[in-house]
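Here the structure is laid out as C-alpha coordinates; the discussion comes afterwards.
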Protein chains: 2
Amino acid sequence: MASEQLPETDLTRHRRLREQGSLDRADLEAILDAGFVCHLGVVVEGRPLVVPTVYGRDERQLYLHGSVASRSLAGGTPVCVTVTHVDGLVLARSVFEHGVNYRSAMIHGEARKVTDPQEKLAGLRLLTEHATPGQWTYARQPSRKELAATTLLALRLDEASVKIRTGAPDDGDGPDAELGLWAGVLPLTSAWGTPVPDPSLPLETPVPPHIARREGTRHG
Amino acid sequence: MASEQLPETDLTRHRRLREQGSLDRADLEAILDAGFVCHLGVVVEGRPLVVPTVYGRDERQLYLHGSVASRSLAGGTPVCVTVTHVDGLVLARSVFEHGVNYRSAMIHGEARKVTDPQEKLAGLRLLTEHATPGQWTYARQPSRKELAATTLLALRLDEASVKIRTGAPDDGDGPDAELGLWAGVLPLTSAWGTPVPDPSLPLETPVPPHIARREGTRHG
(Lines give C-alpha, C1' and ligand atoms only; values in the text may rest on other atoms or scores of the structure.)
Protein backbone atom coordinates (compact mmCIF):
# COMPACT_ATOMS: atom_id res chain seq x y z
CA MET A 1 0.00 0.00 0.00
CA ALA A 2 1.43 3.35 -0.99
CA SER A 3 1.78 5.70 1.95
CA GLU A 4 -0.37 8.79 2.01
CA GLN A 5 1.19 11.86 0.43
CA LEU A 6 0.89 15.44 1.57
CA PRO A 7 -0.31 17.86 -1.11
CA GLU A 8 2.33 20.02 -2.77
CA THR A 9 1.19 23.63 -2.65
CA ASP A 10 2.81 27.04 -3.03
CA LEU A 11 3.46 26.96 0.70
CA THR A 12 4.74 23.41 1.01
CA ARG A 13 6.79 23.04 -2.17
CA HIS A 14 10.43 22.47 -1.27
CA ARG A 15 12.47 25.08 -3.06
CA ARG A 16 15.75 24.82 -1.22
CA LEU A 17 17.65 21.64 -0.31
CA ARG A 18 14.94 19.63 -2.01
CA GLU A 19 16.64 16.36 -1.09
CA GLN A 20 15.75 17.06 2.55
CA GLY A 21 12.07 17.53 1.76
CA SER A 22 9.42 14.89 2.34
CA LEU A 23 5.77 14.80 1.38
CA ASP A 24 5.13 11.55 3.21
CA ARG A 25 2.31 11.95 5.70
CA ALA A 26 3.85 9.27 7.93
CA ASP A 27 6.94 11.48 8.34
CA LEU A 28 4.74 14.39 9.40
CA GLU A 29 2.93 12.29 11.97
CA ALA A 30 6.15 10.79 13.34
CA ILE A 31 7.64 14.26 13.87
CA LEU A 32 4.50 15.51 15.59
CA ASP A 33 4.31 12.44 17.80
CA ALA A 34 7.96 12.68 18.86
CA GLY A 35 7.46 16.09 20.52
CA PHE A 36 4.97 18.14 22.49
CA VAL A 37 6.22 21.73 22.09
CA CYS A 38 5.78 23.64 18.85
CA HIS A 39 6.44 27.18 17.70
CA LEU A 40 3.27 28.96 16.63
CA GLY A 41 3.67 31.86 14.22
CA VAL A 42 1.01 34.51 13.73
CA VAL A 43 0.95 37.95 12.17
CA VAL A 44 0.02 40.77 14.54
CA GLU A 45 -0.32 44.23 13.01
CA GLY A 46 1.91 43.18 10.14
CA ARG A 47 4.64 41.77 12.37
CA PRO A 48 5.44 38.11 12.95
CA LEU A 49 5.12 36.67 16.45
CA VAL A 50 6.60 33.23 17.23
CA VAL A 51 5.40 31.67 20.47
CA PRO A 52 6.23 28.27 21.95
CA THR A 53 3.23 26.25 23.05
CA VAL A 54 2.12 22.67 23.63
CA TYR A 55 0.06 20.57 21.26
CA GLY A 56 -1.70 17.28 20.71
CA ARG A 57 -3.39 15.84 17.65
CA ASP A 58 -5.88 13.45 16.19
CA GLU A 59 -5.96 12.11 12.66
CA ARG A 60 -6.87 15.37 11.00
CA GLN A 61 -6.24 18.21 13.43
CA LEU A 62 -3.62 19.69 15.67
CA TYR A 63 -4.81 21.10 19.01
CA LEU A 64 -2.74 23.91 20.49
CA HIS A 65 -2.82 25.44 23.92
CA GLY A 66 -3.89 29.06 23.75
CA SER A 67 -1.16 31.57 24.35
CA VAL A 68 -0.39 35.23 24.04
CA ALA A 69 -0.90 34.71 20.31
CA SER A 70 -4.53 33.69 20.83
CA ARG A 71 -5.49 37.29 21.54
CA SER A 72 -4.69 38.05 17.95
CA LEU A 73 -6.49 35.10 16.43
CA ALA A 74 -9.79 36.08 14.94
CA GLY A 75 -11.52 33.38 12.92
CA GLY A 76 -9.55 32.45 9.83
CA THR A 77 -6.25 33.98 10.89
CA PRO A 78 -3.37 32.31 9.03
CA VAL A 79 -0.87 30.57 11.28
CA CYS A 80 2.28 28.51 10.81
CA VAL A 81 3.12 25.84 13.35
CA THR A 82 6.63 24.39 13.31
CA VAL A 83 7.90 21.40 15.28
CA THR A 84 11.64 20.75 15.19
CA HIS A 85 13.79 17.96 16.62
CA VAL A 86 17.54 18.56 16.55
CA ASP A 87 19.42 15.26 16.20
CA GLY A 88 22.99 16.41 15.96
CA LEU A 89 25.65 18.68 14.55
CA VAL A 90 26.99 17.80 11.11
CA LEU A 91 30.71 18.54 11.36
CA ALA A 92 32.21 18.60 7.90
CA ARG A 93 35.78 19.25 6.70
CA SER A 94 34.77 22.70 5.51
CA VAL A 95 32.74 25.23 7.48
CA PHE A 96 30.59 25.66 4.36
CA GLU A 97 29.33 22.06 4.54
CA HIS A 98 28.47 22.22 8.24
CA GLY A 99 24.87 21.67 9.13
CA VAL A 100 22.40 20.12 11.48
CA ASN A 101 20.69 16.74 11.46
CA TYR A 102 17.07 17.46 12.23
CA ARG A 103 13.45 16.58 11.62
CA SER A 104 11.09 19.48 11.15
CA ALA A 105 7.42 19.81 10.23
CA MET A 106 5.77 23.06 9.24
CA ILE A 107 1.99 23.22 9.17
CA HIS A 108 0.12 26.02 7.44
CA GLY A 109 -3.51 26.84 7.92
CA GLU A 110 -6.08 28.90 9.67
CA ALA A 111 -6.39 28.41 13.41
CA ARG A 112 -9.83 28.04 14.84
CA LYS A 113 -10.68 28.78 18.46
CA VAL A 114 -12.41 25.71 19.88
CA THR A 115 -15.62 26.85 21.58
CA ASP A 116 -17.73 23.69 21.83
CA PRO A 117 -17.18 22.33 25.39
CA GLN A 118 -17.21 18.71 24.20
CA GLU A 119 -14.60 19.34 21.53
CA LYS A 120 -12.57 21.43 23.96
CA LEU A 121 -12.56 18.61 26.50
CA ALA A 122 -11.60 16.08 23.82
CA GLY A 123 -8.86 18.38 22.51
CA LEU A 124 -7.43 18.97 25.98
CA ARG A 125 -7.42 15.25 26.54
CA LEU A 126 -5.42 14.73 23.32
CA LEU A 127 -3.02 17.47 24.37
CA THR A 128 -2.57 16.09 27.90
CA GLU A 129 -2.16 12.51 26.74
CA HIS A 130 0.23 13.59 24.01
CA ALA A 131 2.64 15.13 26.55
CA THR A 132 2.07 12.57 29.31
CA PRO A 133 0.27 9.37 28.35
CA GLY A 134 -1.89 8.21 31.23
CA GLN A 135 -2.15 11.60 32.90
CA TRP A 136 -5.68 12.50 31.77
CA THR A 137 -7.29 9.77 33.81
CA TYR A 138 -4.81 10.11 36.70
CA ALA A 139 -5.15 13.86 37.30
CA ARG A 140 -8.31 15.78 38.14
CA GLN A 141 -9.98 16.66 34.87
CA PRO A 142 -11.06 20.24 34.12
CA SER A 143 -14.17 21.67 35.75
CA ARG A 144 -16.64 23.59 33.64
CA LYS A 145 -15.17 26.83 34.91
CA GLU A 146 -11.60 25.74 34.15
CA LEU A 147 -12.64 24.60 30.71
CA ALA A 148 -14.16 28.01 30.02
CA ALA A 149 -10.94 29.69 31.16
CA THR A 150 -8.81 27.60 28.77
CA THR A 151 -8.09 28.69 25.23
CA LEU A 152 -7.67 25.86 22.78
CA LEU A 153 -6.89 26.26 19.08
CA ALA A 154 -7.46 23.74 16.31
CA LEU A 155 -5.54 23.58 13.06
CA ARG A 156 -6.23 21.16 10.23
CA LEU A 157 -3.30 18.93 9.21
CA ASP A 158 -3.98 19.51 5.53
CA GLU A 159 -1.11 21.64 4.34
CA ALA A 160 2.27 20.72 5.74
CA SER A 161 5.86 20.35 4.71
CA VAL A 162 8.48 18.15 6.26
CA LYS A 163 12.24 18.40 6.18
CA ILE A 164 14.63 15.76 7.43
CA ARG A 165 18.41 15.58 7.34
CA THR A 166 20.25 12.50 8.53
CA GLY A 167 23.70 11.04 8.21
CA ALA A 168 27.25 12.11 7.56
CA PRO A 169 28.56 15.37 6.09
CA ASP A 170 28.50 15.75 2.31
CA ASP A 171 32.16 16.55 1.71
CA GLY A 172 33.61 13.07 2.21
CA ASP A 173 34.06 12.51 -1.52
CA GLY A 174 35.39 15.94 -2.45
CA PRO A 175 38.84 17.52 -2.39
CA ASP A 176 38.44 18.47 1.30
CA ALA A 177 38.58 14.78 2.22
CA GLU A 178 42.34 15.09 1.60
CA LEU A 179 42.71 17.57 4.46
CA GLY A 180 42.93 14.73 6.98
CA LEU A 181 40.41 16.37 9.29
CA TRP A 182 37.95 14.46 11.41
CA ALA A 183 34.39 14.75 10.16
CA GLY A 184 31.14 13.24 11.31
CA VAL A 185 28.13 13.86 13.44
CA LEU A 186 27.94 14.89 17.09
CA PRO A 187 24.57 13.46 18.15
CA LEU A 188 22.23 15.33 20.45
CA THR A 189 19.60 13.39 22.37
CA SER A 190 16.91 14.37 24.77
CA ALA A 191 15.77 12.11 27.60
CA TRP A 192 13.39 12.13 30.54
CA GLY A 193 14.99 12.36 33.96
CA THR A 194 14.04 11.26 37.47
CA PRO A 195 10.63 12.62 38.54
CA VAL A 196 11.03 15.46 41.07
CA PRO A 197 8.21 15.41 43.63
CA ASP A 198 6.49 18.67 44.57
CA PRO A 199 8.06 19.61 47.97
CA SER A 200 4.56 20.06 49.40
CA LEU A 201 3.71 16.41 48.70
CA PRO A 202 3.38 13.94 51.61
CA LEU A 203 6.54 11.81 51.57
CA GLU A 204 4.76 8.53 51.05
CA THR A 205 3.03 9.58 47.80
CA PRO A 206 4.17 7.06 45.18
CA VAL A 207 5.18 8.12 41.66
CA PRO A 208 2.49 6.57 39.46
CA PRO A 209 3.78 3.95 36.97
CA HIS A 210 2.81 5.97 33.86
CA ILE A 211 5.22 8.69 35.00
CA ALA A 212 7.90 6.51 36.64
CA ARG A 213 8.36 4.37 33.54
CA ARG A 214 9.41 7.32 31.39
CA GLU A 215 12.61 7.88 33.37
CA GLY A 216 15.62 7.33 31.13
CA THR A 217 13.56 7.00 27.97
CA ARG A 218 14.37 9.08 24.96
CA HIS A 219 12.36 12.05 23.85
CA GLY A 220 12.26 13.65 20.41
CA MET B 1 25.99 46.74 40.11
CA ALA B 2 22.46 46.53 38.80
CA SER B 3 22.14 44.15 35.88
CA GLU B 4 21.19 45.57 32.51
CA GLN B 5 17.48 45.66 31.81
CA LEU B 6 15.76 45.05 28.50
CA PRO B 7 13.41 47.86 27.40
CA GLU B 8 9.71 47.27 27.93
CA THR B 9 7.90 47.99 24.67
CA ASP B 10 4.52 47.18 23.16
CA LEU B 11 6.07 44.02 21.79
CA THR B 12 7.97 42.88 24.86
CA ARG B 13 5.55 43.80 27.64
CA HIS B 14 4.44 40.65 29.44
CA ARG B 15 0.67 40.58 29.38
CA ARG B 16 0.02 36.99 30.33
CA LEU B 17 1.61 34.99 33.16
CA ARG B 18 3.60 38.09 34.10
CA GLU B 19 5.37 36.25 36.91
CA GLN B 20 7.18 34.21 34.23
CA GLY B 21 8.44 37.31 32.42
CA SER B 22 11.94 38.67 32.78
CA LEU B 23 13.48 41.88 31.49
CA ASP B 24 16.95 40.95 32.67
CA ARG B 25 19.43 41.08 29.80
CA ALA B 26 21.54 38.38 31.48
CA ASP B 27 18.58 35.97 31.21
CA LEU B 28 18.28 36.73 27.50
CA GLU B 29 21.97 36.07 26.93
CA ALA B 30 21.96 32.87 28.97
CA ILE B 31 19.04 31.49 26.93
CA LEU B 32 20.71 32.38 23.65
CA ASP B 33 24.02 30.87 24.75
CA ALA B 34 22.43 27.62 25.88
CA GLY B 35 21.20 26.77 22.37
CA PHE B 36 22.10 27.04 18.72
CA VAL B 37 18.78 26.49 16.90
CA CYS B 38 16.10 29.18 16.83
CA HIS B 39 12.75 29.59 15.11
CA LEU B 40 12.70 32.53 12.74
CA GLY B 41 9.30 34.04 11.95
CA VAL B 42 8.67 36.22 8.91
CA VAL B 43 5.58 37.43 7.10
CA VAL B 44 5.32 36.34 3.47
CA GLU B 45 2.38 37.71 1.50
CA GLY B 46 0.48 38.29 4.72
CA ARG B 47 1.07 34.78 6.06
CA PRO B 48 3.44 33.79 8.85
CA LEU B 49 6.34 31.45 8.12
CA VAL B 50 8.29 29.85 10.99
CA VAL B 51 11.60 28.31 10.00
CA PRO B 52 14.22 26.64 12.20
CA THR B 53 17.76 27.87 11.67
CA VAL B 54 21.10 28.17 13.46
CA TYR B 55 22.45 31.31 15.08
CA GLY B 56 25.37 32.89 16.87
CA ARG B 57 25.74 36.27 18.52
CA ASP B 58 27.98 39.02 19.71
CA GLU B 59 27.19 41.65 22.32
CA ARG B 60 24.64 43.50 20.25
CA GLN B 61 23.55 41.31 17.35
CA LEU B 62 22.25 37.89 16.53
CA TYR B 63 23.57 36.27 13.35
CA LEU B 64 21.28 33.79 11.61
CA HIS B 65 21.98 31.35 8.85
CA GLY B 66 20.01 32.22 5.75
CA SER B 67 17.11 29.95 5.00
CA VAL B 68 14.06 29.66 2.83
CA ALA B 69 12.84 32.74 4.71
CA SER B 70 15.71 34.84 3.41
CA ARG B 71 14.14 34.97 -0.03
CA SER B 72 11.39 37.06 1.49
CA LEU B 73 13.61 39.39 3.46
CA ALA B 74 13.96 42.74 1.82
CA GLY B 75 15.73 45.38 3.90
CA GLY B 76 13.80 46.26 7.01
CA THR B 77 11.51 43.25 7.04
CA PRO B 78 10.19 42.63 10.55
CA VAL B 79 11.16 39.27 12.03
CA CYS B 80 10.64 37.46 15.31
CA VAL B 81 13.28 35.01 16.49
CA THR B 82 12.37 32.64 19.30
CA VAL B 83 14.72 30.31 21.19
CA THR B 84 13.11 27.82 23.57
CA HIS B 85 14.57 25.30 25.98
CA VAL B 86 12.13 22.79 27.44
CA ASP B 87 13.21 21.74 30.94
CA GLY B 88 10.39 19.47 31.98
CA LEU B 89 6.72 18.69 32.32
CA VAL B 90 4.90 20.27 35.24
CA LEU B 91 2.53 17.54 36.42
CA ALA B 92 -0.04 19.04 38.75
CA ARG B 93 -2.97 17.49 40.63
CA SER B 94 -5.39 19.07 38.16
CA VAL B 95 -5.08 19.03 34.38
CA PHE B 96 -5.76 22.77 34.46
CA GLU B 97 -2.53 23.48 36.38
CA HIS B 98 -0.34 21.37 34.10
CA GLY B 99 2.40 23.18 32.29
CA VAL B 100 5.96 23.16 31.10
CA ASN B 101 9.16 24.33 32.72
CA TYR B 102 11.00 26.24 30.05
CA ARG B 103 13.23 29.15 29.18
CA SER B 104 12.28 31.14 26.12
CA ALA B 105 13.56 34.31 24.49
CA MET B 106 11.72 36.19 21.77
CA ILE B 107 13.61 38.84 19.80
CA HIS B 108 11.83 41.38 17.64
CA GLY B 109 13.46 43.51 15.01
CA GLU B 110 14.28 43.99 11.41
CA ALA B 111 16.63 41.47 9.86
CA ARG B 112 19.44 42.78 7.74
CA LYS B 113 21.19 40.72 5.07
CA VAL B 114 24.91 40.86 5.78
CA THR B 115 26.70 41.82 2.57
CA ASP B 116 30.11 43.07 3.69
CA PRO B 117 32.50 40.09 3.30
CA GLN B 118 34.42 40.94 6.47
CA GLU B 119 31.27 41.12 8.58
CA LYS B 120 29.96 37.97 6.92
CA LEU B 121 33.13 36.09 7.78
CA ALA B 122 33.03 37.38 11.35
CA GLY B 123 29.34 36.48 11.65
CA LEU B 124 29.88 32.96 10.31
CA ARG B 125 32.71 32.54 12.77
CA LEU B 126 30.40 33.52 15.64
CA LEU B 127 27.75 31.13 14.35
CA THR B 128 30.19 28.23 13.92
CA GLU B 129 31.85 28.79 17.29
CA HIS B 130 28.49 29.13 18.97
CA ALA B 131 27.40 25.66 17.84
CA THR B 132 30.83 24.01 18.13
CA PRO B 133 33.51 25.92 20.02
CA GLY B 134 36.90 25.29 18.43
CA GLN B 135 35.53 24.28 15.04
CA TRP B 136 36.24 27.52 13.17
CA THR B 137 39.99 27.12 13.40
CA TYR B 138 39.86 23.32 13.04
CA ALA B 139 37.78 23.14 9.84
CA ARG B 140 38.57 24.69 6.47
CA GLN B 141 37.25 28.22 6.53
CA PRO B 142 35.01 29.53 3.75
CA SER B 143 36.49 30.47 0.40
CA ARG B 144 35.46 33.72 -1.23
CA LYS B 145 33.08 31.80 -3.47
CA GLU B 146 31.53 29.91 -0.55
CA LEU B 147 31.18 33.12 1.39
CA ALA B 148 29.31 34.69 -1.53
CA ALA B 149 27.00 31.64 -1.68
CA THR B 150 26.12 31.93 2.02
CA THR B 151 23.22 34.02 3.24
CA LEU B 152 23.72 35.51 6.67
CA LEU B 153 21.21 37.67 8.49
CA ALA B 154 21.84 40.07 11.37
CA LEU B 155 19.31 41.13 13.97
CA ARG B 156 19.95 43.64 16.73
CA LEU B 157 19.39 42.37 20.27
CA ASP B 158 17.54 45.53 21.25
CA GLU B 159 13.95 44.45 21.69
CA ALA B 160 13.48 41.12 23.39
CA SER B 161 11.30 39.42 25.92
CA VAL B 162 12.16 36.47 28.10
CA LYS B 163 9.94 33.98 29.82
CA ILE B 164 11.09 31.41 32.33
CA ARG B 165 9.15 28.88 34.37
CA THR B 166 10.85 26.73 36.96
CA GLY B 167 9.85 24.60 39.90
CA ALA B 168 6.91 22.65 41.18
CA PRO B 169 3.24 22.85 40.17
CA ASP B 170 1.14 25.64 41.65
CA ASP B 171 -1.67 23.59 43.15
CA GLY B 172 0.18 22.21 46.16
CA ASP B 173 -1.52 24.61 48.57
CA GLY B 174 -5.05 24.42 47.15
CA PRO B 175 -7.94 22.02 47.69
CA ASP B 176 -6.55 19.62 45.07
CA ALA B 177 -3.64 18.80 47.40
CA GLU B 178 -6.16 16.69 49.32
CA LEU B 179 -6.65 14.36 46.35
CA GLY B 180 -3.57 12.36 47.34
CA LEU B 181 -2.20 12.41 43.80
CA TRP B 182 1.48 12.54 43.00
CA ALA B 183 2.56 15.88 41.58
CA GLY B 184 5.90 17.26 40.54
CA VAL B 185 8.16 17.77 37.58
CA LEU B 186 9.35 15.25 35.02
CA PRO B 187 12.65 16.78 33.89
CA LEU B 188 13.77 16.71 30.29
CA THR B 189 17.44 17.10 29.50
CA SER B 190 19.41 17.19 26.31
CA ALA B 191 22.96 15.89 26.06
CA TRP B 192 25.67 15.37 23.48
CA GLY B 193 26.38 11.78 22.48
CA THR B 194 29.38 9.86 21.16
CA PRO B 195 30.79 11.44 17.99
CA VAL B 196 29.89 9.33 14.92
CA PRO B 197 32.70 9.39 12.34
CA ASP B 198 31.86 9.91 8.67
CA PRO B 199 32.07 6.37 7.17
CA SER B 200 34.33 7.72 4.43
CA LEU B 201 36.93 8.80 7.00
CA PRO B 202 40.24 6.89 7.28
CA LEU B 203 39.97 4.74 10.41
CA GLU B 204 42.92 6.33 12.17
CA THR B 205 41.52 9.87 12.08
CA PRO B 206 41.35 11.01 15.72
CA VAL B 207 38.34 12.87 17.09
CA PRO B 208 39.74 16.31 17.94
CA PRO B 209 39.61 17.22 21.65
CA HIS B 210 37.22 20.16 21.16
CA ILE B 211 34.62 17.69 19.83
CA ALA B 212 35.48 14.66 21.98
CA ARG B 213 35.17 16.59 25.22
CA ARG B 214 31.52 17.44 24.62
CA GLU B 215 30.41 13.82 24.85
CA GLY B 216 28.07 13.38 27.79
CA THR B 217 27.82 17.10 28.51
CA ARG B 218 24.50 18.77 28.82
CA HIS B 219 22.97 20.98 26.17
CA GLY B 220 20.24 23.56 26.56
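Chain identifiers are assigned as A, B, and so on, following the order in which chains appear in the C-alpha coordinates; residues are numbered from 1 within each chain, and ligands are numbered from 1 in order of appearance.
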Can you list, as a list in words, every residue of range 28-114 of chain A that DSSP puts in helix (DSSP H, G or I)?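 Of range 28-114 of chain A, only Leu28, Glu29, Ala30, Ile31, Leu32, Asp33, Ala34, Val68, Ala69, Ser70, Arg71, Ser72, Val95, Phe96 and Glu97 of chain A fall in helix (DSSP H, G or I).
Residues in contact range of Pro208 in chain A, defined as at most 10 Å between only C-alpha atoms, with sequence neighbours fewer than 3 positions away removed, read Gly134, Gln135, Tyr138, Thr205, Ile211, Ala212 and Arg213 of chain A; Leu181, Trp182 and Ala183 of chain B.
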Within 10 Å of Val51 in chain B, counting only C-alpha atoms, which residues show up once you throw out same-chain ones fewer than 2 positions away? Write them as number ranges by chain, please. A: 39, 41, 80-84, 104-106; B: 38-42, 48-49, 53, 67-69, 81
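Here the question is which of A:Gly76, A:Gly21, A:Pro202, A:Pro133 gets nearest to Gly180 in chain B using only C-alpha atoms, and that residue is A:Pro202.
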Can I get the residues of chain B within 7 Å of chain A, each with the closest pair of atoms and their distance in Å to one decimal, using only C-alpha atoms, sorted chain first then ascending number, as a Markdown table?
| residue | atom | partner | partner_atom | distance |
| --- | --- | --- | --- | --- |
| B:Arg16 | CA | A:Val68 | CA | 6.5 |
| B:Gly41 | CA | A:Pro48 | CA | 5.7 |
| B:Val42 | CA | A:Pro48 | CA | 5.5 |
| B:Val43 | CA | A:Pro48 | CA | 5.9 |
| B:Arg47 | CA | A:Pro78 | CA | 5.9 |
| B:Pro48 | CA | A:Val42 | CA | 5.5 |
| B:Leu49 | CA | A:Cys80 | CA | 5.7 |
| B:Val50 | CA | A:Gly41 | CA | 6.0 |
| B:Val68 | CA | A:Arg16 | CA | 6.5 |
| B:Pro78 | CA | A:Arg47 | CA | 5.9 |
| B:Val79 | CA | A:Pro48 | CA | 5.9 |
| B:Cys80 | CA | A:Leu49 | CA | 5.7 |
| B:Val81 | CA | A:Val50 | CA | 7.0 |
| B:Thr82 | CA | A:Val50 | CA | 6.2 |
| B:Arg93 | CA | A:Ala139 | CA | 5.4 |
| B:Ser94 | CA | A:Arg140 | CA | 4.4 |
| B:Val95 | CA | A:Gln141 | CA | 5.5 |
| B:Phe96 | CA | A:Pro142 | CA | 5.9 |
| B:Ala139 | CA | A:Ser94 | CA | 5.3 |
| B:Arg140 | CA | A:Ser94 | CA | 4.4 |
| B:Gln141 | CA | A:Val95 | CA | 5.5 |
| B:Pro142 | CA | A:Phe96 | CA | 5.9 |
| B:Glu146 | CA | A:Phe96 | CA | 6.6 |
| B:Ala168 | CA | A:Asp198 | CA | 5.2 |
| B:Pro169 | CA | A:Asp198 | CA | 6.9 |
| B:Gly172 | CA | A:Ser200 | CA | 5.9 |
| B:Trp182 | CA | A:Thr205 | CA | 5.9 |
| B:Ala183 | CA | A:Asp198 | CA | 5.7 |
| B:Gly184 | CA | A:Pro197 | CA | 4.3 |
| B:Val185 | CA | A:Val196 | CA | 5.1 |
| B:Leu186 | CA | A:Pro195 | CA | 4.6 |
| B:Pro187 | CA | A:Gly193 | CA | 5.0 |
| B:Leu188 | CA | A:Trp192 | CA | 4.6 |
| B:Thr189 | CA | A:Ser190 | CA | 5.5 |
| B:Ser190 | CA | A:Ser190 | CA | 4.1 |
| B:Ala191 | CA | A:Thr189 | CA | 5.6 |
| B:Trp192 | CA | A:Leu188 | CA | 4.6 |
| B:Gly193 | CA | A:Pro187 | CA | 5.0 |
| B:Thr194 | CA | A:Leu186 | CA | 6.6 |
| B:Pro195 | CA | A:Leu186 | CA | 4.6 |
| B:Val196 | CA | A:Val185 | CA | 5.1 |
| B:Pro197 | CA | A:Gly184 | CA | 4.3 |
| B:Asp198 | CA | A:Gly184 | CA | 4.3 |
| B:Ser200 | CA | A:Gly172 | CA | 5.8 |
| B:Thr205 | CA | A:Trp182 | CA | 5.9 |
| B:Pro206 | CA | A:Trp182 | CA | 6.5 |
| B:Val207 | CA | A:Trp182 | CA | 5.9 |
One decimal, Å: what's the distance from CA of Ala26 in chain A over to CA of Val162 in chain A, could you say?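 Answer for the CA of Ala26 in chain A to CA of Val162 in chain A separation: 10.1 Å.
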Considering only C-alpha atoms, return as a PyMOL selection string whatever protein or nucleic-acid residues lie within 7 Å of Gly56 in chain A, sequence-local ones (same chain, fewer than 5 positions apart) excluded. chain A and resi 36+62-64+126-127+130
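Here the strand (DSSP E) residues in range 150-189 of chain B, by DSSP on the backbone, are Leu152, Leu153, Ala154, Leu155, Arg156, Glu159, Ala160, Ser161, Val162, Lys163, Ile164, Arg165, Gly184, Val185, Leu186, Pro187, Leu188 and Thr189 of chain B.
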Export of the given selection (N, CA and C atoms) as a PDB file, in the first residue's frame:
ATOM      1  N   LEU B 152      23.635  35.289   5.229  1.00  0.00           N
ATOM      2  CA  LEU B 152      23.715  35.508   6.667  1.00  0.00           C
ATOM      3  C   LEU B 152      22.849  36.716   7.000  1.00  0.00           C
ATOM      4  N   LEU B 153      22.061  36.576   8.045  1.00  0.00           N
ATOM      5  CA  LEU B 153      21.205  37.672   8.492  1.00  0.00           C
ATOM      6  C   LEU B 153      21.702  38.187   9.835  1.00  0.00           C
ATOM      7  N   ALA B 154      21.504  39.471  10.071  1.00  0.00           N
ATOM      8  CA  ALA B 154      21.843  40.066  11.368  1.00  0.00           C
ATOM      9  C   ALA B 154      20.595  40.704  11.958  1.00  0.00           C
ATOM     10  N   LEU B 155      20.475  40.587  13.270  1.00  0.00           N
ATOM     11  CA  LEU B 155      19.309  41.127  13.970  1.00  0.00           C
ATOM     12  C   LEU B 155      19.794  41.736  15.282  1.00  0.00           C
ATOM     13  N   ARG B 156      19.495  42.986  15.498  1.00  0.00           N
ATOM     14  CA  ARG B 156      19.951  43.644  16.726  1.00  0.00           C
ATOM     15  C   ARG B 156      19.216  43.068  17.942  1.00  0.00           C
ATOM     16  N   GLU B 159      15.318  44.586  21.202  1.00  0.00           N
ATOM     17  CA  GLU B 159      13.946  44.451  21.689  1.00  0.00           C
ATOM     18  C   GLU B 159      13.662  42.963  21.883  1.00  0.00           C
ATOM     19  N   ALA B 160      13.613  42.552  23.120  1.00  0.00           N
ATOM     20  CA  ALA B 160      13.476  41.122  23.385  1.00  0.00           C
ATOM     21  C   ALA B 160      12.657  40.911  24.636  1.00  0.00           C
ATOM     22  N   SER B 161      11.975  39.770  24.685  1.00  0.00           N
ATOM     23  CA  SER B 161      11.295  39.422  25.919  1.00  0.00           C
ATOM     24  C   SER B 161      11.653  37.997  26.295  1.00  0.00           C
ATOM     25  N   VAL B 162      11.707  37.753  27.573  1.00  0.00           N
ATOM     26  CA  VAL B 162      12.163  36.468  28.095  1.00  0.00           C
ATOM     27  C   VAL B 162      11.080  35.920  29.005  1.00  0.00           C
ATOM     28  N   LYS B 163      10.852  34.632  28.886  1.00  0.00           N
ATOM     29  CA  LYS B 163       9.945  33.978  29.820  1.00  0.00           C
ATOM     30  C   LYS B 163      10.604  32.719  30.371  1.00  0.00           C
ATOM     31  N   ILE B 164      10.462  32.544  31.653  1.00  0.00           N
ATOM     32  CA  ILE B 164      11.091  31.410  32.327  1.00  0.00           C
ATOM     33  C   ILE B 164      10.098  30.845  33.327  1.00  0.00           C
ATOM     34  N   ARG B 165       9.905  29.527  33.303  1.00  0.00           N
ATOM     35  CA  ARG B 165       9.147  28.882  34.374  1.00  0.00           C
ATOM     36  C   ARG B 165      10.005  27.795  34.963  1.00  0.00           C
ATOM     37  N   GLY B 184       4.497  16.850  40.582  1.00  0.00           N
ATOM     38  CA  GLY B 184       5.900  17.265  40.540  1.00  0.00           C
ATOM     39  C   GLY B 184       6.316  17.579  39.130  1.00  0.00           C
ATOM     40  N   VAL B 185       7.611  17.439  38.889  1.00  0.00           N
ATOM     41  CA  VAL B 185       8.159  17.772  37.577  1.00  0.00           C
ATOM     42  C   VAL B 185       8.855  16.546  37.001  1.00  0.00           C
ATOM     43  N   LEU B 186       8.598  16.276  35.728  1.00  0.00           N
ATOM     44  CA  LEU B 186       9.352  15.247  35.016  1.00  0.00           C
ATOM     45  C   LEU B 186      10.375  15.987  34.157  1.00  0.00           C
ATOM     46  N   PRO B 187      11.655  15.959  34.587  1.00  0.00           N
ATOM     47  CA  PRO B 187      12.654  16.778  33.889  1.00  0.00           C
ATOM     48  C   PRO B 187      13.002  16.192  32.513  1.00  0.00           C
ATOM     49  N   LEU B 188      13.322  17.091  31.626  1.00  0.00           N
ATOM     50  CA  LEU B 188      13.768  16.708  30.286  1.00  0.00           C
ATOM     51  C   LEU B 188      15.133  17.345  30.079  1.00  0.00           C
ATOM     52  N   THR B 189      16.114  16.523  29.730  1.00  0.00           N
ATOM     53  CA  THR B 189      17.441  17.096  29.495  1.00  0.00           C
ATOM     54  C   THR B 189      17.984  16.617  28.165  1.00  0.00           C
TER      55      THR B 189
END
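Taking CA of Ser22 in chain B as the reference point, CA of Gln61 in chain B is found at 19.5 Å.
Going from CA of Pro7 in chain A over to CA of Arg25 in chain A, you cover 9.4 Å.
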